[in-house]
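> My file is protein.txt. It has compact mmCIF, C-alpha atoms:
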```
# COMPACT_ATOMS: atom_id res chain seq x y z
CA MET A 1 4.90 -29.37 -58.50
CA GLU A 2 4.63 -28.92 -54.75
CA SER A 3 1.55 -26.72 -55.05
CA ALA A 4 -0.39 -29.50 -56.77
CA LYS A 5 0.37 -31.85 -53.89
CA ASN A 6 -0.91 -29.37 -51.35
CA ALA A 7 -4.15 -28.68 -53.20
CA ARG A 8 -7.15 -29.90 -51.26
CA PRO A 9 -10.88 -29.46 -51.82
CA LYS A 10 -13.06 -27.20 -49.72
CA ASP A 11 -16.57 -27.83 -48.52
CA ALA A 12 -19.21 -26.17 -50.69
CA SER A 13 -22.84 -25.61 -49.92
CA SER A 14 -23.97 -25.25 -53.56
CA PRO A 15 -23.38 -27.91 -56.24
CA GLY A 16 -20.66 -27.18 -58.70
CA LEU A 17 -18.74 -24.58 -56.68
CA LEU A 18 -16.07 -26.69 -55.16
CA ALA A 19 -12.39 -27.02 -54.44
CA GLU A 20 -9.93 -24.25 -55.14
CA PRO A 21 -6.40 -25.64 -55.46
CA VAL A 22 -3.58 -23.17 -55.08
CA LEU A 23 -1.02 -23.33 -57.86
CA LEU A 24 2.10 -21.26 -57.28
CA PRO A 25 3.88 -20.06 -60.43
CA SER A 26 7.40 -21.30 -60.88
CA SER A 27 10.18 -18.72 -61.03
CA PRO A 28 11.69 -18.05 -64.48
CA LYS A 29 15.27 -19.02 -65.07
CA PRO A 30 17.63 -16.12 -64.30
CA GLY A 31 19.41 -16.34 -67.63
CA ARG A 32 16.18 -16.28 -69.60
CA GLN A 33 14.91 -13.33 -67.61
CA LEU A 34 18.10 -11.32 -68.16
CA LEU A 35 17.93 -11.89 -71.91
CA TRP A 36 14.62 -10.06 -72.01
CA VAL A 37 15.72 -7.05 -69.95
CA PRO A 38 17.13 -5.00 -72.90
CA ALA A 39 14.05 -5.67 -75.05
CA ILE A 40 11.53 -4.94 -72.32
CA ALA A 41 13.37 -1.73 -71.46
CA PHE A 42 12.11 -0.28 -74.73
CA PHE A 43 8.55 -1.47 -74.04
CA PRO A 44 8.01 -0.89 -70.31
CA GLY A 45 4.28 -1.61 -70.47
CA CYS A 46 4.57 -4.91 -72.35
CA ALA A 47 6.28 -7.18 -69.81
CA GLY A 48 4.11 -10.27 -69.51
CA GLY A 49 2.19 -9.33 -72.68
CA VAL A 50 2.39 -10.07 -76.40
CA LEU A 51 6.05 -9.00 -76.57
CA ASP A 52 6.97 -11.58 -73.90
CA PRO A 53 5.67 -14.79 -75.52
CA GLN A 54 5.84 -18.11 -73.72
CA GLY A 55 4.76 -20.45 -76.52
CA PRO A 56 5.17 -21.08 -80.27
CA ILE A 57 1.97 -19.26 -81.25
CA GLY A 58 2.81 -16.26 -79.11
CA SER A 59 6.31 -16.17 -80.62
CA GLY A 60 4.83 -16.23 -84.12
CA ASN A 61 2.46 -13.38 -83.24
CA ARG A 62 5.35 -11.30 -81.92
CA THR A 63 7.39 -11.97 -85.07
CA ILE A 64 4.54 -10.67 -87.23
CA LEU A 65 4.19 -7.54 -85.08
CA LEU A 66 7.91 -6.73 -85.21
CA ASN A 67 8.23 -7.49 -88.92
CA SER A 68 5.21 -5.31 -89.68
CA LEU A 69 6.75 -2.52 -87.61
CA ALA A 70 10.04 -2.84 -89.52
CA VAL A 71 8.29 -2.73 -92.90
CA MET A 72 6.34 0.40 -91.97
CA LEU A 73 9.44 2.08 -90.54
CA VAL A 74 11.03 1.71 -93.98
CA ILE A 75 8.56 4.39 -95.08
CA VAL A 76 8.25 6.40 -91.87
CA VAL A 77 11.97 6.94 -91.18
CA PRO A 78 13.00 8.05 -94.72
CA THR A 79 9.91 10.28 -94.89
CA LEU A 80 10.84 12.04 -91.64
CA VAL A 81 14.47 12.40 -92.75
CA ALA A 82 13.38 13.77 -96.16
CA LEU A 83 11.00 16.20 -94.46
CA LEU A 84 13.79 17.66 -92.35
CA ALA A 85 16.21 17.70 -95.29
CA PHE A 86 13.77 19.48 -97.61
CA ALA A 87 12.82 21.98 -94.91
CA TRP A 88 16.51 22.76 -94.37
CA LYS A 89 17.49 22.91 -98.05
CA PHE A 90 14.58 25.04 -99.20
CA ARG A 91 14.47 27.41 -96.26
CA ALA A 92 13.95 31.08 -97.06
CA SER A 93 17.50 32.05 -96.09
CA ASN A 94 19.16 29.56 -98.49
CA SER A 95 19.89 31.55 -101.64
CA ASN A 96 21.50 28.52 -103.33
CA ALA A 97 18.29 26.48 -103.33
CA ARG A 98 16.69 26.02 -106.74
CA TYR A 99 13.47 27.99 -107.16
CA ASP A 100 11.15 26.64 -109.89
CA PRO A 101 7.61 28.04 -109.63
CA GLU A 102 6.66 26.43 -112.98
CA PHE A 103 7.35 22.87 -111.78
CA THR A 104 4.39 20.54 -112.45
CA TYR A 105 5.63 16.98 -113.01
CA SER A 106 8.59 14.68 -112.34
CA GLY A 107 8.67 11.05 -113.45
CA ARG A 108 11.28 10.18 -110.84
CA ILE A 109 9.19 11.62 -108.02
CA GLU A 110 6.10 9.76 -109.30
CA LEU A 111 8.11 6.52 -109.39
CA ILE A 112 9.22 6.96 -105.78
CA VAL A 113 5.80 8.08 -104.55
CA TRP A 114 4.04 5.02 -105.99
CA SER A 115 6.69 2.28 -105.88
CA ILE A 116 7.54 2.47 -102.17
CA PRO A 117 3.91 2.14 -100.94
CA THR A 118 3.34 -0.64 -103.48
CA LEU A 119 6.36 -2.58 -102.19
CA THR A 120 5.16 -2.01 -98.64
CA ILE A 121 1.77 -3.49 -99.49
CA PHE A 122 3.47 -6.54 -101.01
CA PHE A 123 5.63 -7.05 -97.90
CA LEU A 124 2.70 -6.60 -95.51
CA GLY A 125 0.62 -8.91 -97.70
CA GLY A 126 3.30 -11.58 -97.33
CA LEU A 127 3.20 -11.22 -93.57
CA ILE A 128 -0.59 -11.51 -93.60
CA TYR A 129 -0.34 -14.64 -95.74
CA TYR A 130 2.12 -16.15 -93.29
CA GLY A 131 -0.03 -15.30 -90.31
CA SER A 132 -3.24 -16.55 -91.92
CA TYR A 133 -1.86 -20.00 -92.73
CA GLN A 134 1.07 -20.70 -90.44
CA LEU A 135 -0.72 -19.33 -87.36
CA ASP A 136 -4.24 -20.46 -88.22
CA PRO A 137 -6.00 -21.00 -84.83
CA ARG A 138 -7.45 -24.28 -86.13
CA LYS A 139 -4.06 -25.61 -87.23
CA PRO A 140 -2.65 -28.19 -84.79
CA ILE A 141 0.76 -27.50 -83.26
CA PRO A 142 3.35 -30.09 -84.40
CA SER A 143 4.47 -32.07 -81.36
CA ALA A 144 5.39 -35.57 -80.26
CA GLN A 145 2.94 -35.10 -77.37
CA PRO A 146 -0.78 -35.72 -78.02
CA PRO A 147 -2.84 -32.55 -77.52
CA LEU A 148 -4.93 -31.94 -74.42
CA ASP A 149 -8.59 -31.18 -75.12
CA ILE A 150 -10.17 -28.33 -73.16
CA GLN A 151 -13.65 -26.90 -73.67
CA VAL A 152 -14.22 -23.21 -72.91
CA VAL A 153 -17.53 -21.48 -72.22
CA ALA A 154 -17.77 -17.68 -71.82
CA LEU A 155 -20.37 -16.84 -69.18
CA ASP A 156 -21.62 -13.56 -67.66
CA TRP A 157 -18.97 -12.65 -66.40
CA LYS A 158 -16.65 -15.58 -65.87
CA TRP A 159 -14.92 -18.35 -67.79
CA LEU A 160 -15.82 -22.03 -67.52
CA PHE A 161 -13.13 -24.59 -68.46
CA LEU A 162 -14.08 -28.24 -68.99
CA TYR A 163 -11.64 -31.15 -69.30
CA PRO A 164 -13.59 -33.90 -71.13
CA GLU A 165 -10.84 -36.52 -70.90
CA GLN A 166 -10.36 -35.97 -67.16
CA GLY A 167 -14.05 -35.35 -66.42
CA VAL A 168 -13.37 -32.24 -64.32
CA GLY A 169 -13.87 -28.50 -64.71
CA ALA A 170 -12.94 -25.12 -63.29
CA VAL A 171 -14.18 -21.53 -63.20
CA ASN A 172 -11.71 -18.68 -63.85
CA GLN A 173 -8.81 -21.12 -63.48
CA LEU A 174 -7.05 -22.79 -66.41
CA VAL A 175 -4.43 -25.45 -65.64
CA ILE A 176 -2.41 -26.91 -68.52
CA PRO A 177 0.71 -29.09 -68.79
CA ALA A 178 3.79 -27.21 -70.00
CA GLY A 179 5.25 -28.38 -73.31
CA VAL A 180 2.00 -30.07 -74.38
CA PRO A 181 -0.22 -28.67 -77.18
CA VAL A 182 -3.69 -27.68 -76.00
CA HIS A 183 -6.71 -27.99 -78.29
CA PHE A 184 -9.45 -25.58 -77.21
CA LYS A 185 -13.07 -25.77 -78.28
CA LEU A 186 -14.79 -22.51 -77.45
CA THR A 187 -18.31 -21.11 -77.32
CA SER A 188 -20.29 -18.46 -75.47
CA ALA A 189 -23.27 -19.04 -73.21
CA SER A 190 -24.38 -15.45 -73.65
CA VAL A 191 -23.20 -12.49 -75.75
CA MET A 192 -20.16 -12.33 -78.04
CA ASN A 193 -16.86 -12.43 -76.17
CA THR A 194 -13.14 -12.88 -76.80
CA PHE A 195 -10.71 -15.40 -75.31
CA PHE A 196 -7.15 -14.12 -75.03
CA VAL A 197 -3.99 -15.19 -73.21
CA PRO A 198 -1.48 -12.53 -74.39
CA GLN A 199 1.68 -14.52 -73.68
CA LEU A 200 0.38 -17.62 -75.46
CA GLY A 201 -1.14 -15.81 -78.46
CA SER A 202 -4.10 -15.87 -80.88
CA MET A 203 -7.09 -13.94 -79.58
CA VAL A 204 -10.33 -15.54 -80.83
CA TYR A 205 -13.98 -14.53 -80.69
CA VAL A 206 -16.72 -16.76 -79.29
CA MET A 207 -20.47 -16.55 -79.96
CA ASN A 208 -23.53 -18.27 -78.56
CA GLY A 209 -24.75 -21.11 -80.75
CA MET A 210 -21.39 -21.33 -82.52
CA GLN A 211 -18.18 -23.22 -81.84
CA THR A 212 -14.61 -22.32 -82.73
CA GLU A 213 -11.21 -23.92 -82.17
CA LEU A 214 -7.83 -22.76 -80.98
CA HIS A 215 -4.44 -24.44 -80.51
CA LEU A 216 -1.98 -23.03 -77.98
CA GLN A 217 1.03 -24.26 -76.03
CA ALA A 218 3.06 -23.04 -73.06
CA ASP A 219 6.76 -23.81 -73.46
CA ARG A 220 7.59 -23.52 -69.77
CA GLU A 221 5.98 -23.77 -66.37
CA GLY A 222 4.60 -20.55 -64.97
CA SER A 223 1.56 -18.41 -64.32
CA PHE A 224 0.06 -16.33 -67.12
CA TYR A 225 -2.75 -13.80 -67.40
CA GLY A 226 -5.91 -14.50 -69.39
CA GLN A 227 -8.74 -12.14 -70.12
CA SER A 228 -11.88 -11.24 -71.99
CA ALA A 229 -10.88 -8.75 -74.70
CA HIS A 230 -14.35 -7.76 -75.90
CA PHE A 231 -16.80 -5.61 -73.93
CA SER A 232 -19.72 -7.77 -72.82
CA GLY A 233 -21.50 -5.84 -70.08
CA ASP A 234 -20.95 -4.40 -66.63
CA GLY A 235 -18.81 -7.29 -65.37
CA PHE A 236 -16.43 -7.22 -68.33
CA SER A 237 -13.55 -5.53 -66.49
CA ASP A 238 -13.33 -8.38 -63.95
CA MET A 239 -13.73 -11.22 -66.47
CA ASN A 240 -10.14 -12.41 -66.07
CA PHE A 241 -8.63 -15.79 -65.31
CA SER A 242 -5.27 -17.28 -64.36
CA VAL A 243 -3.40 -19.80 -66.51
CA SER A 244 -1.12 -22.17 -64.62
CA ALA A 245 1.32 -24.17 -66.76
CA VAL A 246 2.62 -27.07 -64.68
CA SER A 247 4.53 -30.27 -65.29
CA ALA A 248 2.69 -33.25 -66.75
CA ASP A 249 2.86 -35.10 -63.42
CA ALA A 250 1.56 -32.08 -61.51
CA PHE A 251 -1.32 -31.73 -63.98
CA ALA A 252 -2.25 -35.39 -63.53
CA ARG A 253 -2.19 -34.97 -59.75
CA TRP A 254 -4.31 -31.82 -59.98
CA ALA A 255 -6.98 -33.55 -62.06
CA SER A 256 -6.91 -36.60 -59.80
CA SER A 257 -7.30 -34.42 -56.69
CA LEU A 258 -10.45 -32.87 -58.16
CA ARG A 259 -11.96 -36.25 -58.95
CA GLY A 260 -11.20 -37.37 -55.42
CA GLY A 261 -13.34 -34.69 -53.80
CA GLY A 262 -15.79 -32.37 -55.46
CA GLY A 263 -19.35 -31.83 -56.57
CA VAL A 264 -21.09 -32.38 -59.87
CA LEU A 265 -21.54 -29.88 -62.68
CA ASN A 266 -24.73 -31.03 -64.35
CA ALA A 267 -27.46 -29.15 -66.20
CA ASN A 268 -29.05 -27.79 -63.00
CA ALA A 269 -25.72 -26.67 -61.53
CA TYR A 270 -24.81 -25.10 -64.88
CA ARG A 271 -28.01 -23.03 -64.95
CA GLU A 272 -27.15 -21.68 -61.53
CA LEU A 273 -23.57 -20.98 -62.60
CA ALA A 274 -24.74 -19.18 -65.76
CA ARG A 275 -26.49 -16.48 -63.73
CA GLN A 276 -24.80 -13.10 -63.96
CA SER A 277 -22.09 -12.52 -61.36
CA THR A 278 -18.96 -10.42 -61.06
CA ASN A 279 -15.58 -10.88 -59.40
CA VAL A 280 -16.11 -14.64 -59.24
CA ALA A 281 -13.42 -16.45 -57.27
CA PRO A 282 -11.74 -19.46 -58.95
CA SER A 283 -13.53 -22.73 -58.20
CA THR A 284 -13.44 -26.31 -59.47
CA PHE A 285 -15.69 -29.28 -60.19
CA GLY A 286 -14.87 -32.89 -59.43
CA HIS A 287 -17.27 -34.30 -62.02
CA VAL A 288 -18.70 -32.76 -65.18
CA GLN A 289 -21.73 -34.22 -66.89
CA PRO A 290 -20.67 -35.61 -70.32
CA GLY A 291 -21.96 -33.63 -73.28
CA LEU A 292 -22.43 -30.42 -71.28
CA PHE A 293 -20.33 -28.32 -73.67
CA ASP A 294 -22.21 -29.61 -76.73
CA ALA A 295 -25.52 -28.81 -75.01
CA VAL A 296 -24.36 -25.22 -74.48
CA ALA A 297 -22.95 -24.81 -78.01
CA GLN A 298 -26.08 -26.30 -79.62
CA GLN A 299 -28.35 -24.23 -77.34
CA THR A 300 -29.95 -27.30 -75.83
CA LEU A 301 -29.25 -25.48 -72.59
CA PRO A 302 -30.73 -21.97 -72.93
CA PRO A 303 -28.37 -19.01 -73.32
CA GLY A 304 -27.54 -16.84 -70.34
CA PRO A 305 -29.49 -13.61 -69.74
CA GLY A 306 -26.92 -11.22 -71.15
CA PRO A 307 -27.03 -7.42 -70.90
CA ALA A 308 -29.66 -7.10 -73.66
CA GLU A 309 -32.29 -9.16 -71.82
CA SER A 310 -31.51 -7.36 -68.58
CA ALA A 311 -31.96 -3.97 -70.25
CA ALA A 312 -35.28 -5.11 -71.73
CA GLY A 313 -36.76 -5.67 -68.30
CA GLY A 314 -35.49 -9.13 -67.40
CA GLU A 315 -33.37 -10.01 -64.39
CA PRO A 316 -31.33 -6.92 -63.38
CA GLN A 317 -27.77 -7.17 -64.64
CA VAL A 318 -25.03 -7.06 -62.06
CA SER A 319 -23.21 -3.76 -61.72
CA PRO A 320 -21.75 -1.80 -58.79
CA LYS A 321 -24.98 0.23 -58.59
CA ALA A 322 -27.51 -2.49 -59.41
CA LEU A 323 -26.02 -5.30 -57.31
CA PRO A 324 -27.56 -4.41 -53.91
CA ALA A 325 -31.02 -3.94 -55.43
CA ALA A 326 -30.76 -7.14 -57.45
CA ALA A 327 -29.60 -9.14 -54.46
CA ALA A 328 -32.39 -7.77 -52.29
CA ALA A 329 -35.02 -8.49 -54.91
CA THR A 330 -33.93 -12.05 -55.68
CA GLY A 331 -32.33 -13.10 -52.43
CA HIS A 332 -29.27 -14.17 -54.41
CA HIS A 333 -25.79 -12.69 -54.12
CA PRO A 334 -23.59 -13.87 -57.03
CA GLN A 335 -20.34 -12.64 -55.49
CA ALA A 336 -20.94 -14.56 -52.29
CA GLU A 337 -21.84 -17.64 -54.30
CA GLY A 338 -18.66 -17.44 -56.34
CA ALA A 339 -16.57 -17.28 -53.18
CA GLN A 340 -18.05 -20.42 -51.68
```
Mind turning this structure into structure tokens?


Amino acid sequence: MESAKNARPKDASSPGLLAEPVLLPSSPKPGRQLLWVPAIAFFPGCAGGVLDPQGPIGSGNRTILLNSLAVMLVIVVPTLVALLAFAWKFRASNSNARYDPEFTYSGRIELIVWSIPTLTIFFLGGLIYYGSYQLDPRKPIPSAQPPLDIQVVALDWKWLFLYPEQGVGAVNQLVIPAGVPVHFKLTSASVMNTFFVPQLGSMVYVMNGMQTELHLQADREGSFYGQSAHFSGDGFSDMNFSVSAVSADAFARWASSLRGGGGVLNANAYRELARQSTNVAPSTFGHVQPGLFDAVAQQTLPPGPGPAESAAGGEPQVSPKALPAAAAATGHHPQAEGAQ
């Protein structure tokens, strides 16, 4: 990809906040885009979301959603039709309608009332079974390509991505090769959070001191939206990141360009990075200290402050109102640091 060739590191005054390569999303094929126009027309707010999947897990998630909708409509639609039909048949002006004030029981009505919901539960249970086993986040994606390992740490309020095989890392920027399964290991450096890329599927929770796994894959090159989907404090609304799916060669060049020029993310740089900050610009690291992710997951490195500690009288948490006072008191401006 041309954008990977043009990526070049920037000078940084603080360790660990380094180069910021620009990755331009590739344009979707016209034919593929036109195929989605009729479907998206019925869901105008879902373009680029869960109803526009770009990988096998996302496609499976969409199938479950649509099948569940179809099963529930089997009850909803006949119920609405019956409601209108009964209201019309037994209206006050219809003298031909049967009037039976002594009616108390009908076996046929009882059969319908109980059998249809029971069948619905069985169908929805089958969908849940399929989703629980076929789309298990820990289940590897079958592929001839070996999976790429990526370690994810949820910070206040930014995402840290580590590439152990390449020895590099990035903040609020996830670069993956298209068509290659990705094996994520995830944890939180602070409070509970949620990792979610709607077009790739499978939202998972992360907690401090615990580690979870997730397998995803992007079927094509492009740029996708990633987010935190669980409220975690004042900076939650800006805790988003970009996912760039590029060719295998472009990914190799991107990782090589980071190793060629960049600072070190070690324990000291990580402690500085873990400080609360909002609207953090994407940044990269040319070298990541081995075992850093395990140190965070096992709490060898202390957890971040989090909103609870801030509210208890610790370091003021970053918010639109508290930021100027916090910066004046500590002499530290997280937004300016993230933009370096």

> Near range 121-134 of chain A, counting all atoms listed in the file, which residues have an atom at most 9 Å away, once you skip same-chain residues fewer than 4 positions from it, shown as a list of chain:residue names?

A:Gly60, A:Asn61, A:Ile64, A:Asn67, A:Ser68, A:Val71, A:Met72, A:Ile116, A:Pro117, A:Lys139

> Could you check which of A:Ser223, A:Thr120, A:Ser256, A:Ser106 is closest to Leu200 in chain A, using only C-alpha atoms?

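Once distances to Leu200 in chain A are computed over only C-alpha atoms, the minimum belongs to A:Ser223.
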
> Between A:Ala255, A:Val76, A:Leu160, A:Val280, which has the minimum distance to Lys185 in chain A (counting all atoms listed in the file)?

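The answer is A:Leu160, which sits nearest to Lys185 in chain A.
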
> Considering only C-alpha atoms, state which residue in the set A:Phe293, A:Asn240, A:Gln166, A:Gln199 is at the smallest distance from Asp219 in chain A.

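Among the listed residues, A:Gln199 lies closest to Asp219 in chain A.
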
> For the atom pair CA of Thr187 in chain A and CA of Leu51 in chain A, what is the interatomic distance in Å to one decimal place?

27.2 Å

> Hey, which of A:Gly304, A:Gly286, A:Gly261, A:Gly49 ends up closest to Leu273 in chain A? Count only C-alpha atoms.

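When distances to Leu273 in chain A are compared using only C-alpha atoms, the smallest one comes from A:Gly304.
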
> Could you check the closest approach to Val171 in chain A for each of A:Ser188, A:Gln217, A:Gln151, A:Thr284 and tell me which residue wins, using all atoms listed in the file?

A:Thr284

> Mind giving me the straight-line distance from CA of Asn268 in chain A to CA of Ala154 in chain A in Å, one decimal?

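For CA of Asn268 in chain A relative to CA of Ala154 in chain A, the distance reads 17.5 Å.
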
> Which polymer residues, whether protein, DNA or RNA, lie within 12 Å of the coordinate (-4.1, -37.0, -63.4) when you count only C-alpha atoms? List them as a JSON list (two decimals) with C-alpha atoms, in the coordinates of the input, using the chain letters and numbers from the file.


```json
[["chain", "number", "residue", "atom", "x", "y", "z"],
["A", 4, "ALA", "CA", -0.39, -29.50, -56.77],
["A", 5, "LYS", "CA", 0.37, -31.85, -53.89],
["A", 163, "TYR", "CA", -11.64, -31.15, -69.30],
["A", 165, "GLU", "CA", -10.84, -36.52, -70.90],
["A", 166, "GLN", "CA", -10.36, -35.97, -67.16],
["A", 167, "GLY", "CA", -14.05, -35.35, -66.42],
["A", 168, "VAL", "CA", -13.37, -32.24, -64.32],
["A", 175, "VAL", "CA", -4.43, -25.45, -65.64],
["A", 176, "ILE", "CA", -2.41, -26.91, -68.52],
["A", 177, "PRO", "CA", 0.71, -29.09, -68.79],
["A", 247, "SER", "CA", 4.53, -30.27, -65.29],
["A", 248, "ALA", "CA", 2.69, -33.25, -66.75],
["A", 249, "ASP", "CA", 2.86, -35.10, -63.42],
["A", 250, "ALA", "CA", 1.56, -32.08, -61.51],
["A", 251, "PHE", "CA", -1.32, -31.73, -63.98],
["A", 252, "ALA", "CA", -2.25, -35.39, -63.53],
["A", 253, "ARG", "CA", -2.19, -34.97, -59.75],
["A", 254, "TRP", "CA", -4.31, -31.82, -59.98],
["A", 255, "ALA", "CA", -6.98, -33.55, -62.06],
["A", 256, "SER", "CA", -6.91, -36.60, -59.80],
["A", 257, "SER", "CA", -7.30, -34.42, -56.69],
["A", 258, "LEU", "CA", -10.45, -32.87, -58.16],
["A", 259, "ARG", "CA", -11.96, -36.25, -58.95],
["A", 260, "GLY", "CA", -11.20, -37.37, -55.42]]
```

> Mind giving me the straight-line distance from CA of Phe224 in chain A to CA of Gly263 in chain A in Å, one decimal?

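Result for CA of Phe224 in chain A versus CA of Gly263 in chain A: 27.0 Å, one decimal.
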
> Report as a list in words all protein, DNA and RNA residues lying within 10 Å of Gln289 in chain A, evaluated on all atoms listed in the file, omitting residues in the same chain fewer than 4 positions from it.

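These residues fall inside the cut-off: Leu162, Pro164, Gly167, Val168, Gly169, Val264, Leu265, Asn266, Ala267, Tyr270 and Phe293 of chain A.
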
> Which is closest to Val180 in chain A among A:Leu216, A:Gly58, A:Tyr205, A:Val153, if we use all atoms listed in the file?

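Between A:Leu216, A:Gly58, A:Tyr205, A:Val153, the residue approaching Val180 in chain A most closely is A:Leu216.
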
> Assuming 3 Å of padding per side, give the centre and edge lengths of the axis-aligned box around every listed atom of range 214-220 of chain A, in Å to one decimal and as lines of an AutoDock Vina configuration file.


```
center_x = -0.1
center_y = -23.6
center_z = -75.4
size_x = 21.4
size_y = 7.7
size_z = 17.2
```
